[in-house]
$ cat entry-v5.cif   # mmCIF, C-alpha atoms (C1' of nucleotides)
data_structure
#
loop_
_atom_site.label_atom_id
_atom_site.label_comp_id
_atom_site.auth_asym_id
_atom_site.auth_seq_id
_atom_site.Cartn_x
_atom_site.Cartn_y
_atom_site.Cartn_z
CA MET A 2 62.57 -24.20 -91.57
CA GLN A 3 58.92 -23.56 -92.28
CA TRP A 4 56.25 -22.27 -89.99
CA ARG A 5 54.71 -25.63 -89.26
CA GLU A 6 58.00 -27.19 -88.17
CA LEU A 7 58.36 -24.57 -85.47
CA GLY A 8 55.76 -26.13 -83.25
CA ASP A 9 57.58 -29.46 -83.14
CA GLN A 10 60.71 -28.13 -81.50
CA PRO A 11 61.44 -28.92 -77.88
CA CYS A 12 61.30 -25.24 -77.07
CA SER A 13 58.44 -23.41 -75.45
CA PHE A 14 59.37 -20.30 -77.31
CA SER A 15 59.15 -21.91 -80.74
CA ARG A 16 55.93 -23.63 -79.87
CA THR A 17 54.38 -20.39 -78.76
CA LEU A 18 55.50 -18.66 -81.91
CA ALA A 19 53.95 -21.41 -83.95
CA VAL A 20 50.61 -20.30 -82.52
CA ILE A 21 50.86 -16.54 -82.13
CA GLY A 22 54.14 -15.65 -83.76
CA ASP A 23 52.98 -13.77 -86.77
CA ARG A 24 52.15 -10.18 -87.18
CA TRP A 25 48.42 -10.52 -87.62
CA SER A 26 47.77 -13.03 -84.88
CA LEU A 27 49.44 -10.73 -82.42
CA MET A 28 47.56 -7.69 -83.67
CA ILE A 29 44.31 -9.60 -83.39
CA LEU A 30 45.18 -10.53 -79.83
CA ARG A 31 45.98 -6.96 -78.97
CA ASP A 32 42.49 -6.04 -80.11
CA CYS A 33 40.96 -8.94 -78.24
CA PHE A 34 42.33 -7.50 -75.02
CA MET A 35 40.65 -4.27 -76.02
CA LYS A 36 37.29 -6.01 -76.17
CA VAL A 37 37.11 -6.31 -79.91
CA ARG A 38 35.16 -9.41 -80.81
CA ARG A 39 33.65 -9.28 -84.29
CA PHE A 40 34.98 -10.06 -87.69
CA ASP A 41 34.23 -6.70 -89.23
CA GLU A 42 35.48 -4.87 -86.21
CA PHE A 43 38.84 -6.61 -86.47
CA HIS A 44 38.80 -5.93 -90.16
CA ASP A 45 38.15 -2.23 -89.77
CA ARG A 46 40.59 -1.64 -86.94
CA LEU A 47 43.44 -3.68 -88.32
CA GLY A 48 43.19 -2.80 -91.97
CA ILE A 49 43.82 -6.45 -92.66
CA GLY A 50 42.73 -8.38 -95.71
CA ARG A 51 39.62 -10.44 -95.14
CA PRO A 52 41.13 -13.73 -96.26
CA ILE A 53 44.04 -13.33 -93.87
CA LEU A 54 41.75 -12.37 -91.04
CA THR A 55 39.65 -15.46 -91.70
CA ASP A 56 42.73 -17.61 -91.69
CA ARG A 57 44.22 -16.16 -88.52
CA LEU A 58 41.00 -16.28 -86.57
CA LYS A 59 40.58 -19.88 -87.59
CA LYS A 60 44.10 -20.73 -86.48
CA LEU A 61 43.59 -19.03 -83.15
CA VAL A 62 40.33 -20.89 -82.66
CA ASP A 63 41.94 -24.18 -83.67
CA ASN A 64 44.61 -23.56 -81.07
CA PHE A 65 42.06 -22.76 -78.38
CA VAL A 66 43.27 -19.21 -77.94
CA LEU A 67 39.95 -17.83 -79.13
CA THR A 68 36.54 -19.38 -79.16
CA LYS A 69 33.61 -18.67 -81.41
CA VAL A 70 30.42 -17.81 -79.55
CA ALA A 71 27.06 -17.16 -81.13
CA TYR A 72 25.73 -13.80 -80.06
CA GLN A 73 22.51 -14.02 -82.08
CA GLN A 74 20.43 -16.39 -84.18
CA HIS A 75 18.61 -15.30 -87.36
CA PRO A 76 21.02 -14.93 -88.97
CA ILE A 77 23.44 -16.77 -86.79
CA ARG A 78 26.40 -14.58 -85.98
CA HIS A 79 29.46 -15.35 -83.94
CA GLU A 80 31.95 -13.39 -82.01
CA TYR A 81 35.45 -14.32 -81.05
CA ARG A 82 36.38 -14.36 -77.41
CA LEU A 83 39.55 -15.11 -75.57
CA THR A 84 39.66 -18.46 -73.81
CA GLN A 85 41.60 -18.84 -70.59
CA LYS A 86 44.52 -19.90 -72.73
CA GLY A 87 44.12 -16.67 -74.64
CA LEU A 88 43.74 -14.58 -71.50
CA ASP A 89 47.02 -16.07 -70.31
CA LEU A 90 48.70 -14.22 -73.15
CA TYR A 91 48.14 -10.98 -71.28
CA PRO A 92 51.71 -10.85 -69.97
CA VAL A 93 53.02 -11.25 -73.50
CA VAL A 94 50.87 -8.45 -74.82
CA MET A 95 51.67 -6.18 -71.91
CA ALA A 96 55.39 -6.83 -72.18
CA ILE A 97 55.29 -5.91 -75.85
CA VAL A 98 53.28 -2.77 -75.20
CA HIS A 99 55.57 -1.73 -72.39
CA TRP A 100 58.68 -2.14 -74.50
CA GLY A 101 57.07 0.01 -77.16
CA ASP A 102 56.16 2.61 -74.53
CA VAL A 103 59.73 2.80 -73.35
CA HIS A 104 61.60 2.52 -76.61
CA MET A 105 59.32 3.45 -79.45
CA ALA A 106 57.17 6.30 -78.12
CA ASP A 107 57.44 9.61 -79.95
CA ARG A 108 58.15 12.94 -78.25
CA LYS A 109 54.59 13.27 -77.05
CA GLY A 110 54.81 10.18 -74.90
CA ARG A 111 53.01 6.89 -74.78
CA PRO A 112 49.70 6.48 -76.57
CA LEU A 113 47.99 4.64 -73.72
CA LEU A 114 48.11 4.61 -69.96
CA HIS A 115 47.33 1.50 -67.95
CA HIS A 116 45.43 1.83 -64.72
CA HIS A 117 45.49 -0.90 -62.10
CA LEU A 118 42.04 -1.08 -60.54
CA THR A 119 43.26 -3.11 -57.60
CA CYS A 120 45.70 -0.53 -56.32
CA GLY A 121 44.35 2.54 -58.04
CA HIS A 122 47.54 3.65 -59.78
CA ASP A 123 48.70 4.03 -63.32
CA PHE A 124 51.39 1.41 -63.65
CA ASP A 125 53.99 -0.26 -65.77
CA PRO A 126 54.11 -4.01 -66.12
CA VAL A 127 57.13 -5.56 -64.45
CA LEU A 128 58.58 -9.01 -64.88
CA ALA A 129 58.79 -10.50 -61.40
CA CYS A 130 60.03 -13.75 -59.91
CA SER A 131 57.20 -16.01 -58.79
CA GLU A 132 59.21 -17.00 -55.72
CA CYS A 133 60.64 -13.78 -54.34
CA ARG A 134 58.57 -11.17 -56.23
CA ALA A 135 61.67 -9.17 -57.14
CA GLU A 136 62.01 -7.78 -60.62
CA VAL A 137 63.98 -10.18 -62.80
CA GLY A 138 66.55 -9.26 -65.43
CA PRO A 139 68.43 -11.46 -67.86
CA ARG A 140 71.65 -11.33 -65.86
CA GLU A 141 70.06 -12.85 -62.77
CA VAL A 142 68.79 -15.99 -64.41
CA THR A 143 70.36 -19.24 -65.48
CA ILE A 144 68.63 -22.00 -67.34
CA ARG A 145 69.00 -25.73 -67.31
CA PRO A 146 67.24 -28.57 -69.04
CA GLY A 147 63.85 -29.46 -67.70
CA PRO A 148 61.94 -32.72 -67.86
CA GLY A 149 60.79 -32.05 -71.41
CA ALA A 150 64.27 -31.46 -72.85
CA ARG A 151 65.07 -33.71 -75.78
CA ASN A 152 68.62 -32.61 -76.51
CA ALA A 153 71.01 -29.78 -75.84
CA VAL A 154 70.49 -27.90 -79.07
CA HIS A 155 68.55 -25.17 -77.40
CA LEU A 156 70.78 -24.72 -74.44
CA PRO A 157 73.37 -21.99 -74.44
CA PRO A 158 77.06 -22.76 -74.30
CA ALA A 159 77.17 -21.79 -70.62
CA ALA A 160 74.74 -24.57 -69.75
CA ALA A 161 76.27 -27.06 -72.18
CA PRO A 162 80.00 -26.93 -71.45
CA ALA A 163 80.51 -30.02 -73.55
CA ALA A 164 80.43 -27.76 -76.61
CA PRO A 165 82.93 -24.99 -75.92
CA ARG A 166 83.18 -22.10 -78.32
CA ARG A 167 85.88 -23.12 -80.75
CA ARG A 168 87.45 -19.89 -81.84
CA ARG A 169 90.30 -20.13 -84.23
CA VAL A 170 92.12 -16.97 -83.30
CA LYS A 171 95.64 -17.75 -82.14
CA ALA A 172 95.36 -20.78 -79.95
CA ALA A 173 93.79 -24.07 -81.03
CA MET B 30 48.41 -2.78 -94.32
CA GLN B 31 52.02 -3.64 -94.95
CA TRP B 32 54.79 -4.25 -92.47
CA ARG B 33 56.34 -0.83 -92.80
CA GLU B 34 53.10 1.00 -92.05
CA LEU B 35 52.82 -0.75 -88.71
CA GLY B 36 55.52 1.36 -87.13
CA ASP B 37 53.70 4.59 -87.88
CA GLN B 38 50.65 3.80 -85.83
CA PRO B 39 50.05 5.55 -82.52
CA CYS B 40 50.23 2.23 -80.74
CA SER B 41 53.16 0.91 -78.79
CA PHE B 42 52.19 -2.59 -79.68
CA SER B 43 52.26 -2.00 -83.43
CA ARG B 44 55.50 -0.14 -83.19
CA THR B 45 57.10 -2.94 -81.30
CA LEU B 46 55.87 -5.48 -83.79
CA ALA B 47 57.33 -3.41 -86.58
CA VAL B 48 60.73 -4.09 -85.03
CA ILE B 49 60.50 -7.60 -83.61
CA GLY B 50 57.17 -8.89 -84.83
CA ASP B 51 58.23 -11.55 -87.24
CA ARG B 52 59.07 -15.13 -86.64
CA TRP B 53 62.78 -14.94 -87.31
CA SER B 54 63.50 -11.76 -85.40
CA LEU B 55 61.94 -13.29 -82.34
CA MET B 56 63.79 -16.56 -82.77
CA ILE B 57 67.04 -14.64 -83.14
CA LEU B 58 66.29 -12.77 -79.96
CA ARG B 59 65.57 -15.96 -78.09
CA ASP B 60 69.01 -17.17 -79.06
CA CYS B 61 70.58 -13.86 -78.13
CA PHE B 62 69.34 -14.34 -74.60
CA MET B 63 71.01 -17.73 -74.71
CA LYS B 64 74.35 -16.13 -75.46
CA VAL B 65 74.40 -16.87 -79.14
CA ARG B 66 76.31 -14.13 -80.93
CA ARG B 67 77.68 -15.23 -84.29
CA PHE B 68 76.22 -15.41 -87.72
CA ASP B 69 76.95 -19.05 -88.30
CA GLU B 70 75.80 -20.00 -84.87
CA PHE B 71 72.43 -18.39 -85.47
CA HIS B 72 72.33 -20.04 -88.84
CA ASP B 73 73.04 -23.51 -87.47
CA ARG B 74 70.69 -23.27 -84.51
CA LEU B 75 67.76 -21.70 -86.27
CA GLY B 76 67.89 -23.53 -89.57
CA ILE B 77 67.21 -20.21 -91.21
CA GLY B 78 68.20 -19.22 -94.72
CA ARG B 79 71.33 -17.09 -94.84
CA PRO B 80 69.73 -14.24 -96.78
CA ILE B 81 66.93 -13.94 -94.27
CA LEU B 82 69.31 -14.10 -91.37
CA THR B 83 71.39 -11.32 -92.91
CA ASP B 84 68.31 -9.23 -93.41
CA ARG B 85 66.91 -9.76 -89.90
CA LEU B 86 70.21 -9.11 -88.17
CA LYS B 87 70.58 -5.94 -90.16
CA LYS B 88 67.10 -4.81 -89.21
CA LEU B 89 67.73 -5.51 -85.55
CA VAL B 90 71.00 -3.60 -85.70
CA ASP B 91 69.32 -0.71 -87.54
CA ASN B 92 66.75 -0.60 -84.76
CA PHE B 93 69.42 -0.63 -82.04
CA VAL B 94 68.23 -3.91 -80.60
CA LEU B 95 71.52 -5.57 -81.49
CA THR B 96 74.91 -4.10 -82.07
CA LYS B 97 77.77 -5.42 -84.14
CA VAL B 98 81.04 -5.73 -82.22
CA ALA B 99 84.36 -6.81 -83.69
CA TYR B 100 85.74 -9.76 -81.78
CA GLN B 101 88.89 -10.07 -83.89
CA GLN B 102 90.86 -8.30 -86.61
CA HIS B 103 92.63 -10.17 -89.46
CA PRO B 104 90.20 -11.00 -90.82
CA ILE B 105 87.77 -8.69 -89.14
CA ARG B 106 84.87 -10.60 -87.66
CA HIS B 107 81.87 -9.33 -85.80
CA GLU B 108 79.46 -10.67 -83.30
CA TYR B 109 75.97 -9.52 -82.53
CA ARG B 110 75.20 -8.45 -79.00
CA LEU B 111 72.06 -7.21 -77.33
CA THR B 112 72.01 -3.51 -76.57
CA GLN B 113 70.19 -2.22 -73.50
CA LYS B 114 67.19 -1.78 -75.75
CA GLY B 115 67.54 -5.41 -76.69
CA LEU B 116 68.04 -6.56 -73.12
CA ASP B 117 64.81 -4.78 -72.27
CA LEU B 118 63.03 -7.33 -74.42
CA TYR B 119 63.68 -9.93 -71.73
CA PRO B 120 60.17 -9.68 -70.30
CA VAL B 121 58.72 -10.25 -73.75
CA VAL B 122 60.82 -13.34 -74.32
CA MET B 123 60.15 -14.69 -70.85
CA ALA B 124 56.44 -14.12 -71.17
CA ILE B 125 56.39 -16.04 -74.43
CA VAL B 126 58.44 -18.89 -73.00
CA HIS B 127 56.27 -19.09 -69.94
CA TRP B 128 53.09 -19.26 -71.94
CA GLY B 129 54.61 -22.06 -73.96
CA ASP B 130 55.62 -23.84 -70.76
CA VAL B 131 52.10 -23.68 -69.44
CA HIS B 132 50.09 -24.30 -72.57
CA MET B 133 52.28 -26.00 -75.13
CA ALA B 134 54.49 -28.38 -73.13
CA ASP B 135 54.16 -32.05 -73.94
CA ARG B 136 53.56 -34.76 -71.35
CA LYS B 137 57.17 -34.76 -70.26
CA GLY B 138 57.01 -31.20 -69.03
CA ARG B 139 58.77 -28.03 -69.92
CA PRO B 140 62.02 -28.16 -71.85
CA LEU B 141 63.83 -25.58 -69.72
CA LEU B 142 63.85 -24.51 -66.11
CA HIS B 143 64.69 -20.96 -65.07
CA HIS B 144 66.71 -20.38 -61.96
CA HIS B 145 66.72 -17.04 -60.20
CA LEU B 146 70.24 -16.44 -58.88
CA THR B 147 69.12 -13.66 -56.58
CA CYS B 148 66.74 -15.78 -54.53
CA GLY B 149 68.04 -19.21 -55.40
CA HIS B 150 64.81 -20.75 -56.63
CA ASP B 151 63.51 -22.08 -59.88
CA PHE B 152 60.80 -19.67 -60.82
CA ASP B 153 58.10 -18.64 -63.23
CA PRO B 154 57.95 -15.14 -64.61
CA VAL B 155 54.98 -13.17 -63.33
CA LEU B 156 53.51 -9.96 -64.64
CA ALA B 157 53.42 -7.56 -61.73
CA CYS B 158 52.21 -4.02 -61.16
CA SER B 159 55.08 -1.55 -60.82
CA GLU B 160 53.18 0.28 -58.07
CA CYS B 161 51.83 -2.42 -55.79
CA ARG B 162 53.81 -5.48 -56.93
CA ALA B 163 50.71 -7.62 -57.14
CA GLU B 164 50.24 -9.92 -60.08
CA VAL B 165 48.20 -8.23 -62.79
CA GLY B 166 45.53 -9.83 -64.94
CA PRO B 167 43.54 -8.40 -67.82
CA ARG B 168 40.40 -7.94 -65.75
CA GLU B 169 42.09 -5.63 -63.27
CA VAL B 170 43.30 -3.08 -65.77
CA THR B 171 41.65 -0.23 -67.63
CA ILE B 172 43.31 1.87 -70.24
CA ARG B 173 42.91 5.46 -71.26
CA PRO B 174 44.58 7.71 -73.79
CA GLY B 175 48.03 8.91 -72.87
CA PRO B 176 49.92 11.97 -73.99
CA GLY B 177 50.94 10.35 -77.27
CA ALA B 178 47.40 9.40 -78.34
CA ARG B 179 46.49 10.74 -81.76
CA ASN B 180 42.94 9.49 -82.01
CA ALA B 181 40.59 6.98 -80.51
CA VAL B 182 40.99 4.27 -83.10
CA HIS B 183 43.01 2.10 -80.84
CA LEU B 184 40.92 2.48 -77.76
CA PRO B 185 38.38 -0.14 -76.86
CA PRO B 186 34.69 0.63 -76.77
CA ALA B 187 34.78 0.75 -72.99
CA ALA B 188 37.24 3.62 -73.05
CA ALA B 189 35.58 5.35 -75.99
CA PRO B 190 31.89 5.47 -75.09
CA ALA B 191 31.26 7.84 -77.98
CA ALA B 192 31.24 4.77 -80.24
CA PRO B 193 28.80 2.32 -78.66
CA ARG B 194 28.43 -1.13 -80.11
CA ARG B 195 25.56 -0.82 -82.53
CA ARG B 196 24.04 -4.23 -82.59
CA ARG B 197 21.07 -4.70 -84.80
CA VAL B 198 19.36 -7.47 -82.91
CA LYS B 199 15.86 -6.41 -81.90
CA ALA B 200 16.17 -2.93 -80.52
CA ALA B 201 17.78 -0.03 -82.40
"C1'" DC C 15 11.97 -6.56 -103.07
"C1'" DA C 16 15.92 -3.73 -102.92
"C1'" DC C 17 19.19 -2.59 -99.49
"C1'" DG C 18 22.35 -2.90 -95.96
"C1'" DA C 19 24.88 -5.51 -92.19
"C1'" DC C 20 27.65 -9.32 -91.22
"C1'" DA C 21 30.75 -12.88 -92.29
"C1'" DG C 22 32.92 -14.82 -95.09
"C1'" DT C 23 35.05 -17.14 -100.14
"C1'" DT C 24 37.36 -16.68 -104.69
"C1'" DG C 25 40.42 -14.80 -107.57
"C1'" DT C 26 44.93 -12.49 -109.17
"C1'" DG C 27 49.21 -10.06 -109.02
"C1'" DA C 28 52.90 -8.51 -105.82
"C1'" DA C 29 56.05 -9.48 -102.08
"C1'" DA C 30 58.55 -12.41 -98.94
"C1'" DT C 31 60.81 -16.98 -98.14
"C1'" DA C 32 63.45 -21.30 -98.58
"C1'" DG C 33 67.20 -23.40 -100.22
"C1'" DA C 34 71.13 -23.95 -102.86
"C1'" DA C 35 75.07 -21.99 -105.01
"C1'" DC C 36 78.48 -18.66 -105.25
"C1'" DC C 37 81.90 -14.80 -103.44
"C1'" DC C 38 85.36 -12.59 -100.52
"C1'" DT C 39 88.93 -12.10 -96.79
"C1'" DG C 40 92.52 -13.91 -94.63
"C1'" DG C 41 94.67 -17.28 -91.76
"C1'" DC C 42 96.99 -22.32 -91.82
"C1'" DC C 43 99.20 -26.16 -93.83
"C1'" DG C 44 102.17 -28.71 -96.59
"C1'" DC D 3 102.56 -20.39 -102.85
"C1'" DG D 4 98.41 -23.11 -104.00
"C1'" DG D 5 94.73 -25.21 -101.83
"C1'" DC D 6 91.79 -25.58 -98.04
"C1'" DC D 7 89.12 -24.03 -94.31
"C1'" DA D 8 86.26 -20.78 -91.45
"C1'" DG D 9 83.42 -16.90 -91.02
"C1'" DG D 10 80.21 -14.01 -93.00
"C1'" DG D 11 77.93 -12.78 -96.42
"C1'" DT D 12 75.44 -12.01 -101.63
"C1'" DT D 13 72.94 -13.82 -105.84
"C1'" DC D 14 69.72 -16.64 -107.91
"C1'" DT D 15 65.36 -19.10 -108.63
"C1'" DA D 16 61.13 -21.72 -107.22
"C1'" DT D 17 57.70 -21.65 -103.95
"C1'" DT D 18 54.76 -19.78 -100.47
"C1'" DT D 19 52.39 -16.24 -98.52
"C1'" DC D 20 50.14 -11.85 -98.72
"C1'" DA D 21 47.43 -7.76 -100.25
"C1'" DC D 22 43.65 -6.15 -102.41
"C1'" DA D 23 39.46 -6.23 -104.84
"C1'" DA D 24 35.38 -8.41 -106.09
"C1'" DC D 25 31.91 -11.73 -105.32
"C1'" DT D 26 28.58 -14.90 -102.38
"C1'" DG D 27 25.15 -15.87 -99.10
"C1'" DT D 28 21.84 -15.13 -95.10
"C1'" DC D 29 18.71 -12.43 -92.89
"C1'" DG D 30 15.89 -8.35 -91.36
"C1'" DT D 31 14.15 -4.12 -92.47
"C1'" DG D 32 11.95 -0.09 -94.92
#
$ encode --input "entry-v5.cif" --output "structure tokens"
Amino acid sequence: MQWRELGDQPCSFSRTLAVIGDRWSLMILRDCFMKVRRFDEFHDRLGIGRPILTDRLKKLVDNFVLTKVAYQQHPIRHEYRLTQKGLDLYPVVMAIVHWGDVHMADRKGRPLLHHHLTCGHDFDPVLACSECRAEVGPREVTIRPGPGARNAVHLPPAAAPAAPRRRRVKAA
Amino acid sequence: MQWRELGDQPCSFSRTLAVIGDRWSLMILRDCFMKVRRFDEFHDRLGIGRPILTDRLKKLVDNFVLTKVAYQQHPIRHEYRLTQKGLDLYPVVMAIVHWGDVHMADRKGRPLLHHHLTCGHDFDPVLACSECRAEVGPREVTIRPGPGARNAVHLPPAAAPAAPRRRRVKAA
DNA sequence: CACGACAGTTGTGAAATAGAACCCTGGCCG
DNA sequence: CGGCCAGGGTTCTATTTCACAACTGTCGTG
């Protein structure tokens, strides 16, 4: 399977990866949330090759995650800003950062602290249920096909009992 | 910058990407959360080349995201299971899925629904503050260096006022 | 009018990938 | 007891993508 086929799957995860699922797109987005906006600034901070940066920025703009805004005429210069669609990636970025904080920090601790202006505390991002606000873990969730399901390929065995695990151990 | 250098940066985001930041690792993880465990099952569902699958599974095992468990002797066969470190990636996966649900679903709607067993409702994952439980958006958060910071490279201009944006428009 | 800032484009060689084919272990089947 | 099958890989090659360096072009300024 190639990159471009990913976006055609009936799976929100694949479709998202088709847009932001490569190393540089995600690094660019991280910087976007840190108020980085200009080509050279991305280039300097990321240590990325210019052609790749051009390509990724273009893809993100084409997918409406970023938008190009002129910040001056003479010569015309643009900066890249997050759209609402891009801003909505904040939970993804925060979840990734938090996992790194917990599992990949060195002895000295996490490189950054996040401060919640609304409540005034340093905080960790938590995955919560939109209905009951409790923290949600993988064990407390089941999935079933939604209106956009096209087939059962992406459902787990538990939700698709028609395809039981055929193990060839002793029985069967 | 190459892949392997990513993990050395003083940035939780980069370090996380060094472990899970490629297309196939993330797709494998998605399937892990859907109870997929075996080599051939990953292979069939993902449409991935066997050599790449071998490589990615090995990397995930080396990074303690997955662990290899024998499920039978004679011949010995293993399955891949999420470790706690791997299970902790649930918020990342859910955040990605949710973004896809909101922004990449086709007319028919989202392919999967998530049901929270604890409260009994279908739900959306929400990024909440660990301290006040309110939903958190990018505008309500500031960041500052933590104990593991090595330099200011990864801080935004707002948090590193020593490096003001030098724009060369009219003034300056 | 040379120089520097910004924002790219064009090359070229090095690395990663896709896809098919092959290998190994050990049951099971006739 | 020879062949076949399943599971889980490894080897091989052609293609794609990437990294890195150099070059282009527009202005504005000294």
$ resolve_selection --input "entry-v5.cif" --expression "the PyMOL selection byres ((chain D) within 7 of (chain A))" --output "PDB file with C-alpha atoms (C1' of nucleotides), in the coordinates of the input"
ATOM      1  C1'  DA D  21      47.430  -7.760-100.250  1.00  0.00           C
ATOM      2  C1'  DT D  28      21.840 -15.130 -95.100  1.00  0.00           C
ATOM      3  C1'  DC D  29      18.710 -12.430 -92.890  1.00  0.00           C
TER       4       DC D  29
END
$ resolve_selection --input "entry-v5.cif" --expression "the PyMOL selection byres ((chain A and resi 110) around 12)" --output "list in words"
Gly101, Asp102, Val103, His104, Met105, Ala106, Asp107, Arg108, Lys109, Arg111, Pro112, Leu113 and Leu114 of chain A; Pro39, Cys40, Ser41, Pro174, Gly175, Pro176, Gly177, Ala178 and Arg179 of chain B
$ atom_distance --input "entry-v5.cif" --atom1 "atom CA of Ile172 of chain B" --atom2 "atom CA of Ala124 of chain B"
20.7 Å
$ residues_around --input "entry-v5.cif" --residues "segment 8-15 of chain D" --least-positions-apart "5" --cutoff "12 Å" --atoms "only C-alpha atoms (C1' of nucleotides)" --output "ChimeraX atom specification"
/A:167-170 /B:67-72,78-84,86-87,100-101,103-108 /C:31-42
$ residues_around --input "entry-v5.cif" --residues "Gly138 of chain A" --least-positions-apart "3" --cutoff "9 Å" --atoms "only C-alpha atoms (C1' of nucleotides)" --output "PyMOL selection string"
(chain A and resi 128-129+141-142) or (chain B and resi 116-117+119-120)
$ write_last_selection --input "entry-v5.cif" --atoms "C-alpha atoms" --output "tab-separated table (two decimals), keeping the file's coordinate frame"
chain	number	residue	atom	x	y	z
A	128	LEU	CA	58.58	-9.01	-64.88
A	129	ALA	CA	58.79	-10.50	-61.40
A	141	GLU	CA	70.06	-12.85	-62.77
A	142	VAL	CA	68.79	-15.99	-64.41
B	116	LEU	CA	68.04	-6.56	-73.12
B	117	ASP	CA	64.81	-4.78	-72.27
B	119	TYR	CA	63.68	-9.93	-71.73
B	120	PRO	CA	60.17	-9.68	-70.30
$ residues_around --input "entry-v5.cif" --residues "Asp51 of chain B" --least-positions-apart "3" --cutoff "10 Å" --atoms "only C-alpha atoms (C1' of nucleotides)" --output "list in words"
Leu18, Gly22, Asp23, Arg24 and Trp25 of chain A; Trp32, Leu46, Ala47, Val48, Ser54, Leu55, Met56 and Arg85 of chain B
$ atom_distance --input "entry-v5.cif" --atom1 "atom CA of Phe34 of chain A" --atom2 "atom CA of Val127 of chain A"
18.3 Å
$ resolve_selection --input "entry-v5.cif" --expression "the PyMOL selection byres ((chain C) within 8 of (chain A))" --output "PyMOL selection string"
chain C and resi 20-23+32
$ closest_residue --input "entry-v5.cif" --among "B:Ala163, B:Arg168, B:Lys88, B:His144" --to "chain A" --atoms "all atoms listed in the file"
B:His144
$ residues_around --input "entry-v5.cif" --residues "DC43 of chain C" --least-positions-apart "4" --cutoff "12 Å" --atoms "only C-alpha atoms (C1' of nucleotides)" --output "ChimeraX atom specification"
/D:3-7
$ atom_distance --input "entry-v5.cif" --atom1 "atom CA of Tyr81 of chain A" --atom2 "atom CA of Leu61 of chain A"
9.6 Å
